[in-house]
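Student: Next comes the structure file data_19.pdb, holding PDB, N, CA, C and O atoms.
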ATOM      1  N   MET A   1       0.837  -1.178   0.000
ATOM      2  CA  MET A   1       0.000   0.000   0.000
ATOM      3  C   MET A   1       0.882   1.241   0.000
ATOM      4  O   MET A   1       1.984   1.212   0.530
ATOM      5  N   PRO A   2       0.386   2.300  -0.545
ATOM      6  CA  PRO A   2       1.144   3.546  -0.500
ATOM      7  C   PRO A   2       1.383   3.995   0.941
ATOM      8  O   PRO A   2       0.532   3.821   1.809
ATOM      9  N   GLY A   3       2.548   4.512   1.186
ATOM     10  CA  GLY A   3       2.886   4.986   2.516
ATOM     11  C   GLY A   3       3.365   3.891   3.449
ATOM     12  O   GLY A   3       3.552   4.127   4.623
ATOM     13  N   GLY A   4       3.533   2.683   2.939
ATOM     14  CA  GLY A   4       4.032   1.582   3.747
ATOM     15  C   GLY A   4       2.999   0.933   4.649
ATOM     16  O   GLY A   4       3.333   0.074   5.450
ATOM     17  N   LYS A   5       1.741   1.335   4.544
ATOM     18  CA  LYS A   5       0.705   0.730   5.368
ATOM     19  C   LYS A   5       0.364  -0.662   4.846
ATOM     20  O   LYS A   5       0.570  -0.969   3.682
ATOM     21  N   LYS A   6      -0.189  -1.484   5.719
ATOM     22  CA  LYS A   6      -0.653  -2.804   5.325
ATOM     23  C   LYS A   6      -2.138  -2.903   5.618
ATOM     24  O   LYS A   6      -2.613  -2.436   6.647
ATOM     25  N   VAL A   7      -2.854  -3.505   4.681
ATOM     26  CA  VAL A   7      -4.275  -3.756   4.876
ATOM     27  C   VAL A   7      -4.402  -5.155   5.454
ATOM     28  O   VAL A   7      -4.026  -6.135   4.813
ATOM     29  N   ILE A   8      -4.894  -5.242   6.664
ATOM     30  CA  ILE A   8      -5.022  -6.529   7.340
ATOM     31  C   ILE A   8      -6.452  -7.047   7.262
ATOM     32  O   ILE A   8      -6.677  -8.214   6.964
ATOM     33  N   THR A   9      -7.406  -6.182   7.511
ATOM     34  CA  THR A   9      -8.803  -6.607   7.545
ATOM     35  C   THR A   9      -9.585  -5.954   6.416
ATOM     36  O   THR A   9      -9.117  -5.009   5.760
ATOM     37  N   LEU A  10     -10.787  -6.444   6.198
ATOM     38  CA  LEU A  10     -11.670  -5.833   5.210
ATOM     39  C   LEU A  10     -12.049  -4.423   5.623
ATOM     40  O   LEU A  10     -12.242  -3.552   4.777
ATOM     41  N   ARG A  11     -12.131  -4.183   6.919
ATOM     42  CA  ARG A  11     -12.428  -2.844   7.418
ATOM     43  C   ARG A  11     -11.306  -1.874   7.037
ATOM     44  O   ARG A  11     -11.563  -0.727   6.662
ATOM     45  N   ASP A  12     -10.050  -2.325   7.121
ATOM     46  CA  ASP A  12      -8.919  -1.481   6.708
ATOM     47  C   ASP A  12      -9.037  -1.120   5.234
ATOM     48  O   ASP A  12      -8.787   0.019   4.838
ATOM     49  N   ALA A  13      -9.415  -2.089   4.413
ATOM     50  CA  ALA A  13      -9.569  -1.837   2.979
ATOM     51  C   ALA A  13     -10.691  -0.842   2.721
ATOM     52  O   ALA A  13     -10.554   0.076   1.902
ATOM     53  N   ALA A  14     -11.799  -0.995   3.433
ATOM     54  CA  ALA A  14     -12.925  -0.075   3.260
ATOM     55  C   ALA A  14     -12.550   1.340   3.681
ATOM     56  O   ALA A  14     -12.887   2.310   2.988
ATOM     57  N   HIS A  15     -11.826   1.478   4.791
ATOM     58  CA  HIS A  15     -11.398   2.812   5.239
ATOM     59  C   HIS A  15     -10.439   3.438   4.229
ATOM     60  O   HIS A  15     -10.518   4.639   3.959
ATOM     61  N   TYR A  16      -9.551   2.638   3.668
ATOM     62  CA  TYR A  16      -8.611   3.172   2.683
ATOM     63  C   TYR A  16      -9.362   3.687   1.452
ATOM     64  O   TYR A  16      -9.078   4.771   0.951
ATOM     65  N   ILE A  17     -10.325   2.910   0.976
ATOM     66  CA  ILE A  17     -11.069   3.301  -0.225
ATOM     67  C   ILE A  17     -11.894   4.551   0.036
ATOM     68  O   ILE A  17     -11.961   5.445  -0.809
ATOM     69  N   THR A  18     -12.510   4.654   1.211
ATOM     70  CA  THR A  18     -13.341   5.830   1.488
ATOM     71  C   THR A  18     -12.520   7.087   1.686
ATOM     72  O   THR A  18     -13.039   8.192   1.510
ATOM     73  N   LYS A  19     -11.258   6.964   2.044
ATOM     74  CA  LYS A  19     -10.392   8.136   2.248
ATOM     75  C   LYS A  19      -9.727   8.623   0.967
ATOM     76  O   LYS A  19      -9.015   9.618   0.980
ATOM     77  N   LEU A  20      -9.955   7.929  -0.159
ATOM     78  CA  LEU A  20      -9.343   8.351  -1.423
ATOM     79  C   LEU A  20      -9.907   9.683  -1.891
ATOM     80  O   LEU A  20     -11.069  10.006  -1.606
ATOM     81  N   PRO A  21      -9.111  10.464  -2.630
ATOM     82  CA  PRO A  21      -9.642  11.693  -3.221
ATOM     83  C   PRO A  21     -10.752  11.364  -4.223
ATOM     84  O   PRO A  21     -10.799  10.269  -4.778
ATOM     85  N   LYS A  22     -11.626  12.297  -4.451
ATOM     86  CA  LYS A  22     -12.794  12.091  -5.313
ATOM     87  C   LYS A  22     -12.388  11.640  -6.721
ATOM     88  O   LYS A  22     -13.027  10.770  -7.305
ATOM     89  N   ALA A  23     -11.312  12.206  -7.259
ATOM     90  CA  ALA A  23     -10.883  11.851  -8.617
ATOM     91  C   ALA A  23     -10.505  10.373  -8.716
ATOM     92  O   ALA A  23     -10.792   9.720  -9.714
ATOM     93  N   GLU A  24      -9.861   9.840  -7.691
ATOM     94  CA  GLU A  24      -9.504   8.428  -7.705
ATOM     95  C   GLU A  24     -10.680   7.554  -7.300
ATOM     96  O   GLU A  24     -10.833   6.441  -7.788
ATOM     97  N   HIS A  25     -11.489   8.060  -6.430
ATOM     98  CA  HIS A  25     -12.616   7.300  -5.893
ATOM     99  C   HIS A  25     -13.605   6.896  -6.989
ATOM    100  O   HIS A  25     -14.226   5.837  -6.900
ATOM    101  N   VAL A  26     -13.752   7.721  -8.007
ATOM    102  CA  VAL A  26     -14.710   7.429  -9.075
ATOM    103  C   VAL A  26     -14.098   6.628 -10.220
ATOM    104  O   VAL A  26     -14.804   6.308 -11.176
ATOM    105  N   ALA A  27     -12.833   6.280 -10.135
ATOM    106  CA  ALA A  27     -12.186   5.484 -11.189
ATOM    107  C   ALA A  27     -12.842   4.107 -11.248
ATOM    108  O   ALA A  27     -13.280   3.553 -10.243
ATOM    109  N   ASP A  28     -12.921   3.552 -12.454
ATOM    110  CA  ASP A  28     -13.576   2.259 -12.653
ATOM    111  C   ASP A  28     -12.941   1.151 -11.817
ATOM    112  O   ASP A  28     -13.643   0.269 -11.305
ATOM    113  N   GLU A  29     -11.622   1.185 -11.675
ATOM    114  CA  GLU A  29     -10.937   0.138 -10.916
ATOM    115  C   GLU A  29     -11.336   0.162  -9.443
ATOM    116  O   GLU A  29     -11.547  -0.877  -8.831
ATOM    117  N   TRP A  30     -11.451   1.372  -8.886
ATOM    118  CA  TRP A  30     -11.846   1.482  -7.481
ATOM    119  C   TRP A  30     -13.312   1.135  -7.297
ATOM    120  O   TRP A  30     -13.707   0.576  -6.270
ATOM    121  N   GLN A  31     -14.143   1.459  -8.272
ATOM    122  CA  GLN A  31     -15.554   1.081  -8.199
ATOM    123  C   GLN A  31     -15.696  -0.437  -8.187
ATOM    124  O   GLN A  31     -16.485  -0.998  -7.419
ATOM    125  N   ALA A  32     -14.909  -1.116  -9.032
ATOM    126  CA  ALA A  32     -14.943  -2.581  -9.060
ATOM    127  C   ALA A  32     -14.424  -3.163  -7.752
ATOM    128  O   ALA A  32     -14.959  -4.158  -7.248
ATOM    129  N   ALA A  33     -13.391  -2.544  -7.181
ATOM    130  CA  ALA A  33     -12.857  -3.023  -5.900
ATOM    131  C   ALA A  33     -13.894  -2.866  -4.792
ATOM    132  O   ALA A  33     -14.041  -3.754  -3.943
ATOM    133  N   MET A  34     -14.630  -1.758  -4.803
ATOM    134  CA  MET A  34     -15.662  -1.553  -3.793
ATOM    135  C   MET A  34     -16.798  -2.561  -3.945
ATOM    136  O   MET A  34     -17.313  -3.079  -2.960
ATOM    137  N   GLN A  35     -17.181  -2.852  -5.189
ATOM    138  CA  GLN A  35     -18.233  -3.836  -5.415
ATOM    139  C   GLN A  35     -17.799  -5.219  -4.940
ATOM    140  O   GLN A  35     -18.583  -5.958  -4.341
ATOM    141  N   ALA A  36     -16.546  -5.578  -5.209
ATOM    142  CA  ALA A  36     -16.036  -6.867  -4.746
ATOM    143  C   ALA A  36     -15.999  -6.915  -3.225
ATOM    144  O   ALA A  36     -16.336  -7.937  -2.616
ATOM    145  N   LEU A  37     -15.614  -5.822  -2.614
ATOM    146  CA  LEU A  37     -15.570  -5.759  -1.156
ATOM    147  C   LEU A  37     -16.976  -5.907  -0.567
ATOM    148  O   LEU A  37     -17.178  -6.633   0.415
ATOM    149  N   LEU A  38     -17.952  -5.253  -1.175
ATOM    150  CA  LEU A  38     -19.330  -5.378  -0.710
ATOM    151  C   LEU A  38     -19.864  -6.792  -0.911
ATOM    152  O   LEU A  38     -20.621  -7.304  -0.082
ATOM    153  N   LEU A  39     -19.481  -7.440  -1.995
ATOM    154  CA  LEU A  39     -19.885  -8.820  -2.239
ATOM    155  C   LEU A  39     -19.390  -9.732  -1.127
ATOM    156  O   LEU A  39     -20.124 -10.583  -0.622
ATOM    157  N   VAL A  40     -18.160  -9.512  -0.716
ATOM    158  CA  VAL A  40     -17.581 -10.323   0.355
ATOM    159  C   VAL A  40     -18.279 -10.058   1.684
ATOM    160  O   VAL A  40     -18.640 -10.984   2.413
ATOM    161  N   VAL A  41     -18.503  -8.793   1.988
ATOM    162  CA  VAL A  41     -19.056  -8.423   3.296
ATOM    163  C   VAL A  41     -20.540  -8.781   3.408
ATOM    164  O   VAL A  41     -20.962  -9.395   4.388
ATOM    165  N   GLU A  42     -21.315  -8.427   2.397
ATOM    166  CA  GLU A  42     -22.763  -8.601   2.506
ATOM    167  C   GLU A  42     -23.230 -10.013   2.194
ATOM    168  O   GLU A  42     -24.188 -10.494   2.785
ATOM    169  N   HIS A  43     -22.588 -10.671   1.250
ATOM    170  CA  HIS A  43     -23.074 -11.972   0.796
ATOM    171  C   HIS A  43     -22.115 -13.112   1.107
ATOM    172  O   HIS A  43     -22.251 -14.196   0.551
ATOM    173  N   ASP A  44     -21.136 -12.854   1.965
ATOM    174  CA  ASP A  44     -20.183 -13.881   2.384
ATOM    175  C   ASP A  44     -19.492 -14.516   1.172
ATOM    176  O   ASP A  44     -19.345 -15.734   1.091
ATOM    177  N   GLY A  45     -19.072 -13.662   0.237
ATOM    178  CA  GLY A  45     -18.378 -14.141  -0.954
ATOM    179  C   GLY A  45     -16.918 -14.435  -0.661
ATOM    180  O   GLY A  45     -16.428 -14.229   0.456
ATOM    181  N   PRO A  46     -16.210 -14.938  -1.654
ATOM    182  CA  PRO A  46     -14.788 -15.254  -1.458
ATOM    183  C   PRO A  46     -13.951 -13.985  -1.237
ATOM    184  O   PRO A  46     -14.067 -13.028  -1.992
ATOM    185  N   THR A  47     -13.126 -13.998  -0.224
ATOM    186  CA  THR A  47     -12.318 -12.820   0.091
ATOM    187  C   THR A  47     -11.263 -12.556  -0.973
ATOM    188  O   THR A  47     -10.753 -11.444  -1.076
ATOM    189  N   MET A  48     -10.937 -13.560  -1.773
ATOM    190  CA  MET A  48      -9.950 -13.370  -2.837
ATOM    191  C   MET A  48     -10.445 -12.346  -3.859
ATOM    192  O   MET A  48      -9.650 -11.629  -4.456
ATOM    193  N   PHE A  49     -11.768 -12.256  -4.063
ATOM    194  CA  PHE A  49     -12.310 -11.257  -4.986
ATOM    195  C   PHE A  49     -11.957  -9.848  -4.530
ATOM    196  O   PHE A  49     -11.565  -9.001  -5.335
ATOM    197  N   ALA A  50     -12.121  -9.590  -3.245
ATOM    198  CA  ALA A  50     -11.810  -8.266  -2.717
ATOM    199  C   ALA A  50     -10.321  -7.986  -2.832
ATOM    200  O   ALA A  50      -9.915  -6.883  -3.192
ATOM    201  N   ARG A  51      -9.509  -8.976  -2.545
ATOM    202  CA  ARG A  51      -8.056  -8.808  -2.633
ATOM    203  C   ARG A  51      -7.620  -8.496  -4.066
ATOM    204  O   ARG A  51      -6.848  -7.574  -4.310
ATOM    205  N   ILE A  52      -8.139  -9.253  -5.009
ATOM    206  CA  ILE A  52      -7.794  -9.027  -6.417
ATOM    207  C   ILE A  52      -8.246  -7.646  -6.867
ATOM    208  O   ILE A  52      -7.513  -6.931  -7.558
ATOM    209  N   GLY A  53      -9.456  -7.251  -6.479
ATOM    210  CA  GLY A  53      -9.969  -5.943  -6.864
ATOM    211  C   GLY A  53      -9.109  -4.803  -6.346
ATOM    212  O   GLY A  53      -8.807  -3.847  -7.065
ATOM    213  N   ILE A  54      -8.685  -4.894  -5.100
ATOM    214  CA  ILE A  54      -7.873  -3.832  -4.510
ATOM    215  C   ILE A  54      -6.485  -3.804  -5.129
ATOM    216  O   ILE A  54      -5.952  -2.736  -5.451
ATOM    217  N   ILE A  55      -5.894  -4.957  -5.355
ATOM    218  CA  ILE A  55      -4.565  -4.995  -5.973
ATOM    219  C   ILE A  55      -4.606  -4.443  -7.387
ATOM    220  O   ILE A  55      -3.727  -3.685  -7.802
ATOM    221  N   ARG A  56      -5.641  -4.794  -8.147
ATOM    222  CA  ARG A  56      -5.759  -4.255  -9.510
ATOM    223  C   ARG A  56      -5.967  -2.747  -9.498
ATOM    224  O   ARG A  56      -5.448  -2.026 -10.349
ATOM    225  N   ALA A  57      -6.731  -2.243  -8.532
ATOM    226  CA  ALA A  57      -6.955  -0.799  -8.433
ATOM    227  C   ALA A  57      -5.674  -0.075  -8.045
ATOM    228  O   ALA A  57      -5.381   1.005  -8.564
ATOM    229  N   LEU A  58      -4.904  -0.659  -7.140
ATOM    230  CA  LEU A  58      -3.643  -0.026  -6.733
ATOM    231  C   LEU A  58      -2.633   0.008  -7.879
ATOM    232  O   LEU A  58      -1.860   0.948  -7.999
ATOM    233  N   ASN A  59      -2.646  -0.996  -8.719
ATOM    234  CA  ASN A  59      -1.669  -1.106  -9.808
ATOM    235  C   ASN A  59      -2.244  -0.693 -11.155
ATOM    236  O   ASN A  59      -1.738  -1.112 -12.195
ATOM    237  N   ARG A  60      -3.270   0.153 -11.161
ATOM    238  CA  ARG A  60      -3.915   0.499 -12.429
ATOM    239  C   ARG A  60      -3.039   1.348 -13.344
ATOM    240  O   ARG A  60      -3.245   1.374 -14.541
ATOM    241  N   HIS A  61      -2.043   2.031 -12.818
ATOM    242  CA  HIS A  61      -1.179   2.857 -13.649
ATOM    243  C   HIS A  61       0.097   2.129 -14.060
ATOM    244  O   HIS A  61       0.939   2.698 -14.748
ATOM    245  N   VAL A  62       0.251   0.889 -13.649
ATOM    246  CA  VAL A  62       1.444   0.119 -13.977
ATOM    247  C   VAL A  62       1.197  -0.625 -15.277
ATOM    248  O   VAL A  62       0.219  -1.364 -15.409
ATOM    249  N   ASP A  63       2.067  -0.415 -16.257
ATOM    250  CA  ASP A  63       1.943  -1.107 -17.529
ATOM    251  C   ASP A  63       2.596  -2.471 -17.444
ATOM    252  O   ASP A  63       3.737  -2.603 -17.006
ATOM    253  N   ARG A  64       1.855  -3.487 -17.870
ATOM    254  CA  ARG A  64       2.413  -4.831 -17.906
ATOM    255  C   ARG A  64       3.113  -5.007 -19.234
ATOM    256  O   ARG A  64       2.511  -4.880 -20.297
ATOM    257  N   VAL A  65       4.395  -5.295 -19.179
ATOM    258  CA  VAL A  65       5.202  -5.419 -20.382
ATOM    259  C   VAL A  65       5.773  -6.828 -20.433
ATOM    260  O   VAL A  65       6.324  -7.321 -19.448
ATOM    261  N   PHE A  66       5.645  -7.459 -21.587
ATOM    262  CA  PHE A  66       6.196  -8.792 -21.768
ATOM    263  C   PHE A  66       7.679  -8.668 -22.050
ATOM    264  O   PHE A  66       8.108  -7.948 -22.945
ATOM    265  N   ASP A  67       8.488  -9.399 -21.296
ATOM    266  CA  ASP A  67       9.932  -9.392 -21.456
ATOM    267  C   ASP A  67      10.357 -10.753 -22.006
ATOM    268  O   ASP A  67      10.436 -11.730 -21.267
ATOM    269  N   PRO A  68      10.636 -10.850 -23.313
ATOM    270  CA  PRO A  68      10.961 -12.150 -23.900
ATOM    271  C   PRO A  68      12.262 -12.743 -23.378
ATOM    272  O   PRO A  68      12.479 -13.941 -23.473
ATOM    273  N   SER A  69      13.127 -11.936 -22.799
ATOM    274  CA  SER A  69      14.380 -12.474 -22.280
ATOM    275  C   SER A  69      14.136 -13.327 -21.035
ATOM    276  O   SER A  69      14.972 -14.162 -20.690
ATOM    277  N   ARG A  70      12.994 -13.165 -20.372
ATOM    278  CA  ARG A  70      12.683 -13.958 -19.184
ATOM    279  C   ARG A  70      12.016 -15.273 -19.529
ATOM    280  O   ARG A  70      11.813 -16.109 -18.671
ATOM    281  N   LYS A  71      11.650 -15.464 -20.785
ATOM    282  CA  LYS A  71      10.952 -16.681 -21.178
ATOM    283  C   LYS A  71      11.926 -17.853 -21.163
ATOM    284  O   LYS A  71      12.956 -17.833 -21.830
ATOM    285  N   ASP A  72      11.576 -18.870 -20.398
ATOM    286  CA  ASP A  72      12.422 -20.058 -20.335
ATOM    287  C   ASP A  72      12.282 -20.860 -21.614
ATOM    288  O   ASP A  72      11.182 -21.058 -22.131
ATOM    289  N   LYS A  73      13.396 -21.338 -22.121
ATOM    290  CA  LYS A  73      13.387 -22.179 -23.301
ATOM    291  C   LYS A  73      13.134 -23.620 -22.872
ATOM    292  O   LYS A  73      13.644 -24.084 -21.865
ATOM    293  N   HIS A  74      12.362 -24.321 -23.657
ATOM    294  CA  HIS A  74      12.065 -25.716 -23.343
ATOM    295  C   HIS A  74      13.212 -26.574 -23.864
ATOM    296  O   HIS A  74      13.460 -26.648 -25.052
ATOM    297  N   ARG A  75      13.915 -27.221 -22.972
ATOM    298  CA  ARG A  75      15.114 -27.976 -23.346
ATOM    299  C   ARG A  75      14.797 -29.322 -23.989
ATOM    300  O   ARG A  75      15.528 -29.779 -24.826
ATOM    301  N   GLY A  76      13.743 -29.963 -23.596
ATOM    302  CA  GLY A  76      13.443 -31.292 -24.113
ATOM    303  C   GLY A  76      12.449 -31.263 -25.258
ATOM    304  O   GLY A  76      11.587 -32.121 -25.349
ATOM    305  N   ARG A  77      12.554 -30.291 -26.123
ATOM    306  CA  ARG A  77      11.590 -30.133 -27.213
ATOM    307  C   ARG A  77      11.671 -31.318 -28.164
ATOM    308  O   ARG A  77      12.744 -31.728 -28.581
ATOM    309  N   ARG A  78      10.513 -31.852 -28.515
ATOM    310  CA  ARG A  78      10.465 -32.979 -29.433
ATOM    311  C   ARG A  78      10.761 -32.511 -30.838
ATOM    312  O   ARG A  78      10.395 -31.428 -31.249
ATOM    313  N   LYS A  79      11.381 -33.390 -31.600
ATOM    314  CA  LYS A  79      11.642 -33.104 -33.007
ATOM    315  C   LYS A  79      10.419 -33.544 -33.806
ATOM    316  O   LYS A  79       9.945 -34.661 -33.662
ATOM    317  N   LEU A  80       9.947 -32.688 -34.641
ATOM    318  CA  LEU A  80       8.833 -33.029 -35.498
ATOM    319  C   LEU A  80       9.341 -33.714 -36.755
ATOM    320  O   LEU A  80      10.490 -33.497 -37.182
ATOM    321  N   ALA A  81       8.491 -34.520 -37.371
ATOM    322  CA  ALA A  81       8.898 -35.244 -38.574
ATOM    323  C   ALA A  81       9.253 -34.271 -39.693
ATOM    324  O   ALA A  81      10.176 -34.523 -40.478
ATOM    325  N   ARG A  82       8.576 -33.140 -39.743
ATOM    326  CA  ARG A  82       8.857 -32.186 -40.818
ATOM    327  C   ARG A  82      10.210 -31.483 -40.637
ATOM    328  O   ARG A  82      10.761 -30.927 -41.576
ATOM    329  N   ASP A  83      10.743 -31.475 -39.415
ATOM    330  CA  ASP A  83      12.008 -30.798 -39.136
ATOM    331  C   ASP A  83      13.213 -31.700 -39.382
ATOM    332  O   ASP A  83      14.340 -31.247 -39.310
ATOM    333  N   GLN A  84      13.026 -32.979 -39.652
ATOM    334  CA  GLN A  84      14.159 -33.904 -39.827
ATOM    335  C   GLN A  84      14.663 -33.899 -41.240
ATOM    336  O   GLN A  84      14.071 -33.654 -42.196
TER     337      GLN A  84
END
For the file at hand, write its structure as structure tokens.
Tutor:
Amino acid sequence: MPGGKKVITLRDAAHYITKLPKAEHVADEWQAAMQALLLVVEHDGPTMFARIGIIRALNRHVDRVFDPSRKDKHRGRRKLARDQ
């Protein structure tokens, strides 16, 4: 979390979301995180939904970039008949 805080309970997550500035509070990612949090609290849904929603909202400005240098090569690749 920003500022080095840790969210331990669902109440901590709810307080963090309600304290956001209005411009961030209305962002689609935060709206989805709030809906997931309400699903967990009101309908006893899976807590992983709330966790995923909050993590996605926190990382909404981070671009996911594929790095081909990290791709592991498969060492035991079978030879195809067409390659012989």
Student: Please evaluate the PyMOL selection byres (((chain A and resi 31 and name CA) around 12) and name CA) against the displayed coordinates and give the resulting residues as a VMD selection string.
Tutor: chain A and resid 14 17 to 18 20 22 to 30 32 to 38 50 53 to 54 56 to 57
Student: Take atom C of Lys5 of chain A and atom N of Arg51 of chain A and report the distance between them in Å, one decimal.
Tutor: 14.9 Å
Student: What separation in Å, quoted to one decimal, exists between atom CA of His61 of chain A and atom CA of Gly4 of chain A?
Tutor: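 Between atom CA of His61 of chain A and atom CA of Gly4 of chain A the gap works out to 18.2 Å.
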Student: Using the chain letters and numbers from this document, which residues of chain A does DSSP assign to helix (DSSP H, G or I), as a ChimeraX atom specification?
Tutor: /A:2-4,10-18,22-25,28-43,47-58,68-70,81-83
Student: Quick one: distance from atom CA of Val7 of chain A to atom CA of Leu39 of chain A in Å, one decimal?
Tutor: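 Atom CA of Leu39 of chain A lies at a distance of 17.9 Å from atom CA of Val7 of chain A.
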Student: Given 4 Å on each side, where is the centre and what are the edge lengths in Å to one decimal of the axis-aligned box enclosing the listed atoms of segment 16-24 of chain A, as lines of an AutoDock Vina configuration file?
Tutor:
center_x = -11.0
center_y = 7.5
center_z = -3.0
size_x = 12.7
size_y = 17.7
size_z = 21.4
